[in-house]
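Here is query.txt, consisting of compact mmCIF, C-alpha atoms:
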```txt
# COMPACT_ATOMS: atom_id res chain seq x y z
CA MET S 1267 34.61 -34.07 -4.58
CA ASP S 1268 32.89 -35.41 -1.48
CA LEU S 1269 29.99 -32.97 -1.41
CA LYS S 1270 28.69 -34.13 1.95
CA ALA S 1271 32.04 -33.45 3.54
CA GLU S 1272 32.37 -30.09 1.83
CA PHE S 1273 28.93 -29.02 3.05
CA ALA S 1274 29.76 -30.30 6.53
CA LYS S 1275 32.88 -28.11 6.63
CA LEU S 1276 30.69 -25.03 6.24
CA ALA S 1277 27.86 -26.14 8.57
CA PRO S 1278 25.48 -25.12 10.00
CA TRP S 1279 23.27 -24.44 6.96
CA ILE S 1280 19.86 -22.82 6.83
CA PHE S 1281 18.80 -23.58 3.27
CA GLN S 1282 18.67 -26.85 1.43
CA PHE S 1283 20.22 -27.08 -2.03
CA ARG S 1284 19.65 -29.79 -4.61
CA ILE S 1285 22.73 -30.76 -6.56
CA ASP S 1286 22.72 -33.57 -9.11
CA GLY S 1287 19.47 -34.90 -7.65
CA ALA S 1288 20.61 -35.02 -4.02
CA ASP S 1289 19.80 -32.58 -1.20
CA TYR S 1290 22.49 -30.89 0.85
CA GLY S 1291 22.67 -28.17 3.47
CA GLY S 1292 19.84 -27.23 5.83
CA THR S 1293 16.19 -28.06 6.05
CA ILE S 1294 14.50 -25.13 4.31
CA SER S 1295 14.11 -25.30 0.55
CA ALA S 1296 13.75 -22.02 -1.33
CA VAL S 1297 12.36 -23.83 -4.35
CA GLY S 1298 8.87 -22.52 -4.99
CA ASP S 1299 9.32 -19.54 -2.65
CA GLY S 1300 6.37 -17.37 -3.62
CA ARG S 1301 8.33 -14.18 -3.03
CA VAL S 1302 10.60 -14.70 -6.02
CA GLU S 1303 7.56 -15.20 -8.25
CA GLN S 1304 5.93 -12.11 -6.77
CA PHE S 1305 9.10 -10.14 -7.46
CA PHE S 1306 9.07 -11.09 -11.13
CA ARG S 1307 5.36 -10.40 -11.42
CA PHE S 1308 5.98 -6.95 -9.99
CA ALA S 1309 9.13 -6.31 -12.04
CA PRO S 1310 8.95 -8.64 -15.04
CA LYS S 1311 11.67 -7.02 -17.13
CA VAL S 1312 14.51 -6.63 -14.67
CA GLU S 1313 17.98 -7.39 -15.95
CA ASN S 1314 20.17 -6.07 -13.15
CA ILE S 1315 19.25 -6.80 -9.55
CA LEU S 1316 20.73 -5.72 -6.25
CA GLU S 1317 19.92 -8.27 -3.56
CA LEU S 1318 20.22 -7.20 0.05
CA GLY S 1319 20.96 -9.85 2.67
CA ALA S 1320 21.68 -12.84 0.47
CA LEU S 1321 22.46 -15.25 3.34
CA GLU S 1322 23.56 -18.50 1.59
CA GLY S 1323 22.37 -17.41 -1.83
CA ALA S 1324 19.25 -19.57 -1.98
CA GLN S 1325 17.10 -16.85 -3.54
CA THR S 1326 20.05 -15.39 -5.43
CA PHE S 1327 20.41 -18.48 -7.59
CA ILE S 1328 16.68 -18.63 -8.29
CA LEU S 1329 16.74 -14.98 -9.35
CA ALA S 1330 19.87 -15.50 -11.45
CA GLU S 1331 18.53 -18.41 -13.46
CA ARG S 1332 15.43 -16.51 -14.60
CA SER S 1333 15.58 -15.75 -18.28
CA GLY S 1334 16.37 -12.10 -18.91
CA VAL S 1335 18.39 -11.60 -15.73
CA LYS S 1336 21.87 -10.46 -16.70
CA LYS S 1337 23.47 -9.66 -13.37
CA ILE S 1338 22.85 -9.89 -9.64
CA VAL S 1339 24.98 -8.24 -7.01
CA ALA S 1340 24.18 -9.92 -3.71
CA LEU S 1341 25.28 -8.14 -0.54
CA GLU S 1342 25.68 -10.09 2.67
CA GLY S 1343 27.07 -9.04 6.03
CA ARG S 1344 28.55 -12.29 7.32
CA ALA S 1345 31.71 -13.79 5.85
CA ALA S 1346 30.56 -17.27 6.88
CA ASN S 1347 27.36 -16.90 4.87
CA LEU S 1348 29.31 -15.59 1.89
CA ARG S 1349 31.63 -18.61 1.94
CA LYS S 1350 28.60 -20.86 1.67
CA ALA S 1351 27.07 -18.82 -1.11
CA GLN S 1352 30.31 -18.70 -3.09
CA PHE S 1353 30.85 -22.43 -2.58
CA LEU S 1354 27.40 -23.08 -4.03
CA GLN S 1355 27.93 -20.64 -6.84
CA LYS S 1356 30.86 -22.73 -8.07
CA LEU S 1357 28.95 -25.98 -7.69
CA LEU S 1358 25.90 -24.62 -9.50
CA ARG S 1359 28.04 -22.77 -12.06
CA VAL S 1360 26.13 -19.52 -11.71
CA ASP S 1361 28.05 -16.87 -13.64
CA ASN S 1362 25.74 -13.90 -13.41
CA ALA S 1363 25.84 -13.44 -9.63
CA GLU S 1364 28.43 -11.59 -7.59
CA PHE S 1365 28.52 -11.93 -3.83
CA VAL S 1366 30.00 -9.06 -1.84
CA GLN S 1367 30.40 -8.58 1.89
CA ALA S 1368 28.76 -5.38 3.13
CA ASN S 1369 27.28 -4.18 6.39
CA LEU S 1370 23.90 -2.90 5.28
CA GLU S 1371 23.57 -0.79 8.40
CA GLU S 1372 26.05 1.65 6.92
CA ALA S 1373 27.23 0.56 3.45
CA ASP S 1374 27.35 3.15 0.68
CA LEU S 1375 25.24 1.34 -1.89
CA SER S 1376 26.11 3.74 -4.70
CA VAL S 1377 29.55 2.13 -5.09
CA TYR S 1378 27.85 -0.95 -6.54
CA GLY S 1379 26.29 1.02 -9.38
CA LYS S 1380 22.70 1.37 -10.59
CA PHE S 1381 20.20 -1.46 -10.91
CA ASP S 1382 16.78 -2.12 -12.37
CA ALA S 1383 15.48 -3.35 -9.02
CA VAL S 1384 16.41 -4.00 -5.42
CA PHE S 1385 15.34 -7.36 -3.96
CA CYS S 1386 15.20 -7.00 -0.18
CA CYS S 1387 13.69 -10.07 1.38
CA GLY S 1388 14.03 -10.86 5.09
CA LEU S 1389 16.54 -8.14 5.80
CA LEU S 1390 14.90 -4.89 6.88
CA TYR S 1391 13.71 -6.16 10.26
CA HIS S 1392 17.25 -7.11 11.20
CA LEU S 1393 18.48 -3.52 11.09
CA PRO S 1394 18.61 -1.16 14.08
CA LYS S 1395 17.82 1.85 11.87
CA PRO S 1396 15.95 0.54 8.83
CA TRP S 1397 15.06 4.07 7.78
CA GLU S 1398 18.73 4.72 6.99
CA LEU S 1399 18.81 1.88 4.44
CA ILE S 1400 15.45 2.87 2.94
CA GLN S 1401 16.77 6.38 2.38
CA ARG S 1402 19.62 5.05 0.23
CA LEU S 1403 17.55 2.81 -2.03
CA PRO S 1404 15.68 5.13 -4.45
CA SER S 1405 18.92 6.43 -5.95
CA ILE S 1406 20.12 2.87 -6.63
CA ALA S 1407 17.10 1.49 -8.47
CA PRO S 1408 13.61 2.70 -9.48
CA ILE S 1409 11.99 -0.50 -8.24
CA LEU S 1410 12.08 -1.99 -4.75
CA PHE S 1411 10.70 -5.37 -3.75
CA LEU S 1412 10.48 -5.84 -0.01
CA TRP S 1413 9.42 -8.63 2.30
CA THR S 1414 9.71 -7.91 5.96
CA VAL S 1415 8.32 -8.52 9.39
CA TYR S 1416 6.70 -5.47 10.98
CA THR S 1417 5.26 -4.68 14.36
CA ALA S 1418 1.58 -4.44 15.23
CA GLU S 1419 0.63 -0.88 16.09
CA ASN S 1420 -0.59 -1.83 19.55
CA GLU S 1421 2.90 -3.12 20.39
CA SER S 1422 4.73 -0.10 19.04
CA ILE S 1423 6.35 2.89 20.65
CA GLU S 1424 7.42 6.21 19.20
CA LEU S 1425 11.03 5.96 18.05
CA SER S 1426 12.05 9.18 16.34
CA ASN S 1427 10.56 11.79 14.05
CA GLY S 1428 7.09 10.28 14.28
CA ILE S 1429 8.34 6.83 13.29
CA ARG S 1430 6.81 4.03 15.34
CA GLY S 1431 8.04 0.51 15.92
CA LYS S 1432 9.48 -1.81 18.52
CA ILE S 1433 12.95 -2.92 19.46
CA HIS S 1434 13.68 -6.58 18.81
CA THR S 1435 16.64 -8.42 20.32
CA GLU S 1436 18.71 -10.17 17.67
CA GLY S 1437 20.35 -13.56 18.08
CA GLY S 1438 23.95 -12.39 18.24
CA PRO S 1439 26.99 -12.55 15.96
CA ASP S 1440 27.05 -16.36 15.75
CA GLU S 1441 23.46 -16.65 14.61
CA PRO S 1442 23.58 -16.64 10.80
CA LEU S 1443 20.02 -15.33 10.39
CA SER S 1444 20.48 -12.40 12.76
CA GLY S 1445 21.42 -8.81 12.10
CA LEU S 1446 24.89 -7.55 12.81
CA SER S 1447 23.83 -5.47 15.81
CA SER S 1448 22.41 -6.70 19.09
CA THR S 1449 18.98 -5.17 18.45
CA ALA S 1450 16.83 -4.39 15.43
CA THR S 1451 13.82 -2.15 14.90
CA TRP S 1452 10.57 -3.55 13.61
CA LEU S 1453 8.61 -0.68 12.10
CA THR S 1454 4.84 -0.42 12.04
CA LEU S 1455 3.28 -0.91 8.63
CA GLY S 1456 2.22 2.74 8.53
CA SER S 1457 5.70 3.98 9.39
CA LEU S 1458 7.25 1.67 6.80
CA ILE S 1459 4.97 2.93 4.05
CA THR S 1460 5.42 6.55 5.06
CA LEU S 1461 9.21 6.11 5.02
CA LEU S 1462 9.01 4.66 1.52
CA THR S 1463 6.84 7.45 0.15
CA ALA S 1464 8.79 10.15 1.99
CA ASN S 1465 12.01 8.88 0.42
CA GLY S 1466 10.79 9.08 -3.14
CA TYR S 1467 8.72 5.98 -3.88
CA GLY S 1468 5.66 7.54 -5.48
CA SER S 1469 3.79 4.26 -5.64
CA VAL S 1470 3.78 1.65 -2.89
CA HIS S 1471 1.98 -1.59 -3.58
CA VAL S 1472 1.11 -3.82 -0.63
CA ILE S 1473 1.23 -7.11 -2.50
CA HIS S 1474 0.49 -9.25 0.53
CA ASN S 1475 -0.17 -8.45 4.18
CA ASP S 1476 -0.06 -11.27 6.69
CA PRO S 1477 -0.80 -9.88 10.17
CA THR S 1478 -1.04 -13.41 11.61
CA HIS S 1479 2.33 -14.76 10.45
CA VAL S 1480 3.83 -16.94 13.20
CA ASN S 1481 7.02 -14.86 13.45
CA GLY S 1482 5.11 -11.57 13.60
CA PRO S 1483 3.09 -9.60 11.05
CA THR S 1484 4.71 -9.68 7.61
CA VAL S 1485 4.22 -7.67 4.47
CA THR S 1486 5.30 -7.99 0.84
CA ILE S 1487 5.68 -4.62 -0.84
CA GLY S 1488 6.56 -3.47 -4.32
CA ALA S 1489 7.53 0.18 -4.56
CA THR S 1490 8.35 2.25 -7.61
CA ILE S 1491 9.62 5.72 -8.26
CA SER S 1492 7.09 7.32 -10.56
CA MET G 379 -26.13 33.64 -16.62
CA SER G 380 -29.74 32.52 -16.52
CA SER G 381 -31.71 34.24 -13.77
CA ASP G 382 -33.95 31.18 -13.52
CA LEU G 383 -30.97 28.91 -12.92
CA THR G 384 -29.42 31.38 -10.53
CA SER G 385 -32.57 31.36 -8.44
CA ARG G 386 -32.88 27.57 -8.54
CA PHE G 387 -29.30 27.28 -7.26
CA ALA G 388 -29.98 29.98 -4.65
CA GLU G 389 -32.98 28.04 -3.34
CA LEU G 390 -30.67 25.17 -2.45
CA ALA G 391 -27.75 27.23 -1.10
CA PRO G 392 -25.23 26.95 0.41
CA TRP G 393 -23.23 25.06 -2.20
CA ILE G 394 -19.75 23.61 -1.91
CA PHE G 395 -18.98 22.77 -5.53
CA GLN G 396 -19.14 24.90 -8.62
CA PHE G 397 -20.90 23.54 -11.71
CA GLN G 398 -20.62 24.86 -15.24
CA ILE G 399 -23.89 24.81 -17.15
CA ASP G 400 -24.14 26.26 -20.66
CA GLY G 401 -20.82 27.99 -20.14
CA GLN G 402 -21.84 29.68 -16.87
CA ASN G 403 -20.70 28.85 -13.35
CA TYR G 404 -23.23 28.17 -10.60
CA GLY G 405 -23.03 26.88 -7.04
CA GLY G 406 -20.03 27.14 -4.72
CA ASP G 407 -16.39 28.09 -5.07
CA ILE G 408 -14.69 24.74 -5.57
CA SER G 409 -14.51 23.30 -9.06
CA ALA G 410 -14.05 19.55 -9.36
CA ALA G 411 -12.97 19.88 -12.98
CA GLY G 412 -9.51 18.41 -13.33
CA ASP G 413 -9.65 16.72 -9.91
CA SER G 414 -6.88 14.18 -10.28
CA ARG G 415 -8.67 11.63 -8.11
CA VAL G 416 -11.13 10.83 -10.88
CA ASP G 417 -8.29 10.26 -13.34
CA GLN G 418 -6.42 8.19 -10.77
CA PHE G 419 -9.55 6.10 -10.29
CA PHE G 420 -9.78 5.33 -13.99
CA ARG G 421 -6.07 4.59 -14.19
CA PHE G 422 -6.59 2.06 -11.42
CA VAL G 423 -9.81 0.60 -12.86
CA PRO G 424 -9.80 1.53 -16.55
CA ASN G 425 -12.67 -0.79 -17.46
CA ALA G 426 -15.11 0.08 -14.68
CA ALA G 427 -18.57 0.05 -16.23
CA THR G 428 -20.63 0.02 -13.04
CA ILE G 429 -19.52 2.18 -10.13
CA LEU G 430 -20.77 2.56 -6.58
CA GLU G 431 -19.88 6.01 -5.27
CA LEU G 432 -19.95 6.58 -1.53
CA GLY G 433 -20.64 10.08 -0.28
CA PRO G 434 -21.19 12.04 -3.51
CA LEU G 435 -22.16 15.25 -1.70
CA GLU G 436 -23.55 17.42 -4.55
CA GLY G 437 -22.51 14.99 -7.27
CA ALA G 438 -19.44 16.84 -8.52
CA HIS G 439 -17.36 13.66 -8.87
CA THR G 440 -20.40 11.62 -9.82
CA PHE G 441 -20.98 13.42 -13.10
CA MET G 442 -17.30 13.19 -14.02
CA LEU G 443 -17.39 9.43 -13.38
CA ALA G 444 -20.62 9.08 -15.34
CA ARG G 445 -19.37 10.94 -18.40
CA ARG G 446 -16.27 8.82 -18.88
CA ALA G 447 -16.50 6.60 -21.97
CA GLY G 448 -17.27 3.08 -20.83
CA THR G 449 -19.19 4.02 -17.69
CA LYS G 450 -22.64 2.47 -17.89
CA GLN G 451 -24.05 3.26 -14.46
CA VAL G 452 -23.08 5.12 -11.31
CA LEU G 453 -25.04 4.57 -8.12
CA ALA G 454 -24.20 7.34 -5.65
CA LEU G 455 -25.12 6.96 -1.97
CA GLU G 456 -25.38 10.13 0.08
CA GLY G 457 -26.44 10.61 3.69
CA ARG G 458 -27.92 14.10 3.57
CA GLU G 459 -31.24 14.84 1.91
CA ALA G 460 -30.19 18.45 1.26
CA ASN G 461 -27.09 17.30 -0.65
CA LEU G 462 -29.19 14.86 -2.67
CA ARG G 463 -31.56 17.63 -3.74
CA LYS G 464 -28.61 19.60 -5.08
CA ALA G 465 -27.15 16.60 -6.86
CA ARG G 466 -30.49 15.85 -8.52
CA LEU G 467 -30.91 19.44 -9.65
CA VAL G 468 -27.49 19.35 -11.32
CA GLN G 469 -28.27 15.93 -12.80
CA GLU G 470 -31.43 17.31 -14.37
CA LEU G 471 -29.68 20.42 -15.67
CA MET G 472 -26.76 18.44 -17.08
CA ASN G 473 -29.04 15.75 -18.44
CA VAL G 474 -26.99 12.90 -17.02
CA GLY G 475 -28.90 9.67 -17.61
CA ASN G 476 -26.57 7.01 -16.22
CA VAL G 477 -26.55 8.13 -12.58
CA LYS G 478 -28.84 7.18 -9.75
CA PHE G 479 -28.65 8.98 -6.41
CA ALA G 480 -29.94 7.27 -3.28
CA GLN G 481 -30.04 8.30 0.35
CA ALA G 482 -28.15 6.01 2.71
CA ASN G 483 -26.38 6.37 6.02
CA LEU G 484 -23.00 4.78 5.33
CA GLU G 485 -22.46 4.20 9.04
CA ASN G 486 -24.98 1.38 9.09
CA CYS G 487 -26.55 0.69 5.69
CA ASP G 488 -26.41 -2.74 4.06
CA LEU G 489 -24.49 -2.12 0.84
CA ALA G 490 -25.32 -5.57 -0.52
CA ALA G 491 -28.88 -4.37 -1.01
CA PHE G 492 -27.66 -2.10 -3.81
CA GLY G 493 -26.18 -4.93 -5.91
CA LYS G 494 -22.73 -5.67 -7.29
CA PHE G 495 -20.41 -3.25 -9.04
CA ASP G 496 -17.12 -3.23 -10.89
CA ALA G 497 -15.65 -0.70 -8.50
CA VAL G 498 -16.33 1.43 -5.45
CA PHE G 499 -15.30 5.10 -5.57
CA CYS G 500 -14.89 6.32 -2.01
CA SER G 501 -13.37 9.76 -1.92
CA GLY G 502 -13.59 11.96 1.16
CA VAL G 503 -15.88 9.71 3.18
CA ILE G 504 -13.90 7.26 5.32
CA TYR G 505 -12.62 9.93 7.69
CA HIS G 506 -16.17 11.13 8.40
CA LEU G 507 -17.25 7.81 9.89
CA PRO G 508 -17.10 6.90 13.59
CA GLU G 509 -16.32 3.24 12.80
CA PRO G 510 -14.78 3.21 9.30
CA TRP G 511 -13.74 -0.44 9.62
CA LYS G 512 -17.42 -1.43 9.52
CA LEU G 513 -17.92 0.14 6.10
CA ILE G 514 -14.60 -1.27 4.85
CA SER G 515 -15.61 -4.79 5.88
CA GLN G 516 -18.69 -4.59 3.62
CA LEU G 517 -16.91 -3.41 0.51
CA PRO G 518 -15.14 -6.50 -0.89
CA ALA G 519 -18.48 -8.27 -1.29
CA VAL G 520 -19.86 -5.35 -3.29
CA ALA G 521 -17.03 -4.86 -5.80
CA PRO G 522 -13.60 -6.36 -6.49
CA ASN G 523 -12.00 -2.91 -6.87
CA LEU G 524 -11.95 -0.09 -4.36
CA PHE G 525 -10.59 3.40 -4.77
CA ILE G 526 -10.19 5.47 -1.61
CA TRP G 527 -9.04 8.98 -0.90
CA THR G 528 -9.04 9.81 2.77
CA HIS G 529 -7.34 11.62 5.58
CA TYR G 530 -5.58 9.50 8.16
CA ALA G 531 -4.11 10.04 11.61
CA ALA G 532 -0.39 10.48 12.04
CA ASP G 533 0.97 7.61 14.11
CA GLU G 534 2.11 9.93 16.88
CA ASN G 535 -1.42 11.31 17.36
CA ALA G 536 -3.12 7.94 17.52
CA GLU G 537 -4.37 5.63 20.21
CA ILE G 538 -6.15 2.29 20.15
CA VAL G 539 -9.69 2.76 18.77
CA SER G 540 -10.88 -0.80 18.16
CA GLY G 541 -9.11 -4.12 18.67
CA ASP G 542 -5.57 -3.42 17.54
CA LEU G 543 -6.59 -0.62 15.18
CA ARG G 544 -5.20 2.78 16.01
CA GLY G 545 -6.54 6.18 15.15
CA LYS G 546 -7.73 9.45 16.58
CA ILE G 547 -11.18 10.84 17.30
CA TYR G 548 -12.12 13.88 15.25
CA VAL G 549 -15.02 16.17 16.12
CA GLU G 550 -17.34 16.61 13.13
CA GLY G 551 -19.09 19.85 12.19
CA GLY G 552 -22.63 18.84 13.12
CA ALA G 553 -25.88 17.93 11.42
CA THR G 554 -26.21 21.16 9.44
CA GLU G 555 -22.66 21.13 8.05
CA PRO G 556 -22.96 19.56 4.58
CA LEU G 557 -19.39 18.25 4.50
CA SER G 558 -19.57 16.57 7.89
CA GLY G 559 -20.35 13.00 8.83
CA MET G 560 -23.69 11.96 10.24
CA SER G 561 -22.38 11.48 13.79
CA ALA G 562 -20.82 13.94 16.20
CA THR G 563 -17.37 12.38 15.92
CA ALA G 564 -15.40 10.43 13.35
CA THR G 565 -12.35 8.20 13.60
CA TRP G 566 -9.28 8.88 11.54
CA LEU G 567 -7.36 5.61 11.31
CA THR G 568 -3.60 5.53 11.01
CA LEU G 569 -2.26 4.55 7.61
CA GLY G 570 -1.13 1.17 8.92
CA SER G 571 -4.49 0.47 10.50
CA LEU G 572 -6.33 1.52 7.36
CA ILE G 573 -4.25 -0.91 5.29
CA SER G 574 -4.72 -3.65 7.87
CA ALA G 575 -8.48 -3.05 7.87
CA LEU G 576 -8.47 -3.40 4.07
CA THR G 577 -6.43 -6.60 3.91
CA ARG G 578 -8.34 -8.20 6.79
CA SER G 579 -11.59 -7.42 5.04
CA GLY G 580 -10.50 -9.40 1.99
CA TYR G 581 -8.51 -7.07 -0.26
CA THR G 582 -5.55 -9.10 -1.46
CA THR G 583 -3.54 -6.16 -2.79
CA VAL G 584 -3.48 -2.59 -1.59
CA HIS G 585 -1.81 0.03 -3.73
CA VAL G 586 -0.81 3.28 -2.05
CA ILE G 587 -1.14 5.47 -5.13
CA ASP G 588 -0.26 8.68 -3.35
CA ASN G 589 0.67 9.47 0.23
CA ASP G 590 0.63 13.08 1.37
CA PRO G 591 1.59 13.26 5.05
CA ALA G 592 1.90 17.06 4.78
CA HIS G 593 -1.61 17.76 3.40
CA GLY G 594 -2.96 21.01 4.84
CA ASN G 595 -6.01 19.36 6.41
CA GLY G 596 -4.13 16.36 7.81
CA PRO G 597 -2.22 13.44 6.28
CA ALA G 598 -4.02 12.11 3.20
CA VAL G 599 -3.69 8.97 1.15
CA MET G 600 -5.01 7.68 -2.15
CA ILE G 601 -5.41 3.91 -2.25
CA GLY G 602 -6.47 1.36 -4.81
CA ALA G 603 -7.38 -2.03 -3.40
CA ARG G 604 -8.30 -5.21 -5.20
CA VAL G 605 -9.79 -8.58 -4.40
CA MET G 606 -7.88 -11.04 -6.59
CA SER G 607 -9.48 -14.40 -7.20
```
Would you put the structure from the file into structure tokens?
Amino acid sequence: MDLKAEFAKLAPWIFQFRIDGADYGGTISAVGDGRVEQFFRFAPKVENILELGALEGAQTFILAERSGVKKIVALEGRAANLRKAQFLQKLLRVDNAEFVQANLEEADLSVYGKFDAVFCCGLLYHLPKPWELIQRLPSIAPILFLWTVYTAENESIELSNGIRGKIHTEGGPDEPLSGLSSTATWLTLGSLITLLTANGYGSVHVIHNDPTHVNGPTVTIGATIS
Amino acid sequence: MSSDLTSRFAELAPWIFQFQIDGQNYGGDISAAGDSRVDQFFRFVPNAATILELGPLEGAHTFMLARRAGTKQVLALEGREANLRKARLVQELMNVGNVKFAQANLENCDLAAFGKFDAVFCSGVIYHLPEPWKLISQLPAVAPNLFIWTHYAADENAEIVSGDLRGKIYVEGGATEPLSGMSATATWLTLGSLISALTRSGYTTVHVIDNDPAHGNGPAVMIGARVMS
């Protein structure tokens, strides 16, 4: 198989993948992504993982190869991204991951079963109503790992029911990193944490807060139902 | 009930907390026995041997911290002389040897002057300060672990109070009100601003142990924060 040509057929790519010692795909390597390590530090014994917003599967495959992980269901909204992920899955011979197309703005997550943990990295700030997804998560898994961009309080407005945030314009349907709607809501950190606790996460652990991140303030959170 | 003890407590009235001494209750109406915040503190920092307590009031939490196996020393800083007199009376009556009470205005004191500790216990103080971020910024240098219980401002009631921090101004009860702060007003930060103030000050992880937005006196949160090397 001419791998270069096969990758080119599915271009453009965001993530870079190493196969048999050569690099293919985009320019960003997920190897060494601190978030995957933080996830396993927070939830060291997870066997079944629900990943939300898998994109091309870069983090999926890193999660899947960790010893102890039996199964990952990776949900992704764009068919084009899924084709890339499934192409890589064959090349990398990853048997314990399943990629499924789902619009996370409205998907009924309970149809995918129960999991030990939800891995939700880079997804929440692409949703127009992130509180609707958060509400569905506690019944799916007792552990949630979240990395997201949020909005600084001084840039926020009141949205609904005391929730504060700002409206962010997404890149449109052809932009693989964008949400599926034309706008997304970036919550404030306080509103995000209050939504998590109000929906049943008894313990919310701010693992890392980076208010000066170049793309906007970001936070890494581990939440558990206790 | 000892009439001598009753009169000694009466001399220092009014009291907020109730203390049990030789099986009899003295002082105010509120018992700290079974206060879950002390247990939550020790769950968060099980090996804390030296503790800095901020705002001990009459020492109700102080003595519970001091009596826990493993606690070597509690230094408790309190702003009001009248509260300190009560705390010292109870200390004498309870014969608690591993506690030292000191008077300090937490709005402006230099905490470094009191040394280093395993943990700071800061329950019911932050929301009595006019500039709570100033106290928070001092804490990581004093201890690697911080336990906070505080009220916070609901986002919808908040406005900018300093830089990009949001909160609301709360009118305190005045100089003669033992539960009040030392200034006429205090700032209740929003939850997001409180967490941002903690992480900016050097806490690398912040654990929201309990969030109670519906607390009767205003939204309240219990936080454990750590400086990880």
Give me the range 485-523 of chain G side of the contact with range 561-583 of chain G, cut-off 12 Å, one line per residue showing its nearest atom pair and distance in Å at one decimal, counting all atoms listed in the file, sorted by chain and residue number, as a tab-separated table.
```
residue	atom	partner	partner_atom	distance
G:Glu485	CA	G:Ser561	CA	8.7
G:Asn486	CA	G:Ser561	CA	11.4
G:Gly502	CA	G:Trp566	CA	11.7
G:Val503	CA	G:Ala564	CA	10.2
G:Ile504	CA	G:Trp566	CA	7.9
G:Tyr505	CA	G:Trp566	CA	5.2
G:His506	CA	G:Ala564	CA	5.1
G:Leu507	CA	G:Ala564	CA	4.7
G:Pro508	CA	G:Ala564	CA	3.9
G:Glu509	CA	G:Thr565	CA	6.4
G:Pro510	CA	G:Thr565	CA	7.0
G:Trp511	CA	G:Ala575	CA	6.1
G:Lys512	CA	G:Ala575	CA	9.2
G:Leu513	CA	G:Ser579	CA	9.9
G:Ile514	CA	G:Leu576	CA	6.5
G:Ser515	CA	G:Ser579	CA	4.9
G:Gln516	CA	G:Ser579	CA	7.8
G:Leu517	CA	G:Ser579	CA	8.1
G:Pro518	CA	G:Gly580	CA	6.2
G:Ala519	CA	G:Gly580	CA	8.7
G:Val520	CA	G:Gly580	CA	11.5
G:Ala521	CA	G:Tyr581	CA	10.4
G:Pro522	CA	G:Tyr581	CA	8.1
G:Asn523	CA	G:Tyr581	CA	8.6
```
In terms of the shortest atom-to-atom distance over all atoms listed in the file, which of G:Ile394, G:Val605, G:Ile538, G:Met600 is closest to chain S? G:Ile538
Residues of chain S no more than 12 Å from chain G, counting all atoms listed in the file: send them over as a PyMOL selection string. chain S and resi 1304+1308+1416-1431+1453-1478+1483-1492
Save out the residues we just selected, C-alpha atoms, as a compact mmCIF listing (two decimals), keeping the file's coordinate frame.
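Below is the file result-v5.txt, written as the result:
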```txt
# COMPACT_ATOMS: atom_id res chain seq x y z
CA GLN S 1304 5.93 -12.11 -6.77
CA PHE S 1308 5.98 -6.95 -9.99
CA TYR S 1416 6.70 -5.47 10.98
CA THR S 1417 5.26 -4.68 14.36
CA ALA S 1418 1.58 -4.44 15.23
CA GLU S 1419 0.63 -0.88 16.09
CA ASN S 1420 -0.59 -1.83 19.55
CA GLU S 1421 2.90 -3.12 20.39
CA SER S 1422 4.73 -0.10 19.04
CA ILE S 1423 6.35 2.89 20.65
CA GLU S 1424 7.42 6.21 19.20
CA LEU S 1425 11.03 5.96 18.05
CA SER S 1426 12.05 9.18 16.34
CA ASN S 1427 10.56 11.79 14.05
CA GLY S 1428 7.09 10.28 14.28
CA ILE S 1429 8.34 6.83 13.29
CA ARG S 1430 6.81 4.03 15.34
CA GLY S 1431 8.04 0.51 15.92
CA LEU S 1453 8.61 -0.68 12.10
CA THR S 1454 4.84 -0.42 12.04
CA LEU S 1455 3.28 -0.91 8.63
CA GLY S 1456 2.22 2.74 8.53
CA SER S 1457 5.70 3.98 9.39
CA LEU S 1458 7.25 1.67 6.80
CA ILE S 1459 4.97 2.93 4.05
CA THR S 1460 5.42 6.55 5.06
CA LEU S 1461 9.21 6.11 5.02
CA LEU S 1462 9.01 4.66 1.52
CA THR S 1463 6.84 7.45 0.15
CA ALA S 1464 8.79 10.15 1.99
CA ASN S 1465 12.01 8.88 0.42
CA GLY S 1466 10.79 9.08 -3.14
CA TYR S 1467 8.72 5.98 -3.88
CA GLY S 1468 5.66 7.54 -5.48
CA SER S 1469 3.79 4.26 -5.64
CA VAL S 1470 3.78 1.65 -2.89
CA HIS S 1471 1.98 -1.59 -3.58
CA VAL S 1472 1.11 -3.82 -0.63
CA ILE S 1473 1.23 -7.11 -2.50
CA HIS S 1474 0.49 -9.25 0.53
CA ASN S 1475 -0.17 -8.45 4.18
CA ASP S 1476 -0.06 -11.27 6.69
CA PRO S 1477 -0.80 -9.88 10.17
CA THR S 1478 -1.04 -13.41 11.61
CA PRO S 1483 3.09 -9.60 11.05
CA THR S 1484 4.71 -9.68 7.61
CA VAL S 1485 4.22 -7.67 4.47
CA THR S 1486 5.30 -7.99 0.84
CA ILE S 1487 5.68 -4.62 -0.84
CA GLY S 1488 6.56 -3.47 -4.32
CA ALA S 1489 7.53 0.18 -4.56
CA THR S 1490 8.35 2.25 -7.61
CA ILE S 1491 9.62 5.72 -8.26
CA SER S 1492 7.09 7.32 -10.56
```
So how many Å separate CA of Glu1313 in chain S and CA of Arg1344 in chain S, to one decimal? 26.0 Å
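For the pair CA of Pro1394 in chain S and CA of Val1415 in chain S, the separation is 13.5 Å.
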Name the residues in contact with Asn1369 in chain S at a cut-off of 9 Å, using all atoms listed in the file, excluding same-chain residues fewer than 2 positions from it; report them as a VMD selection string. chain S and resid 1341 to 1344 1367 1371 to 1373 1446
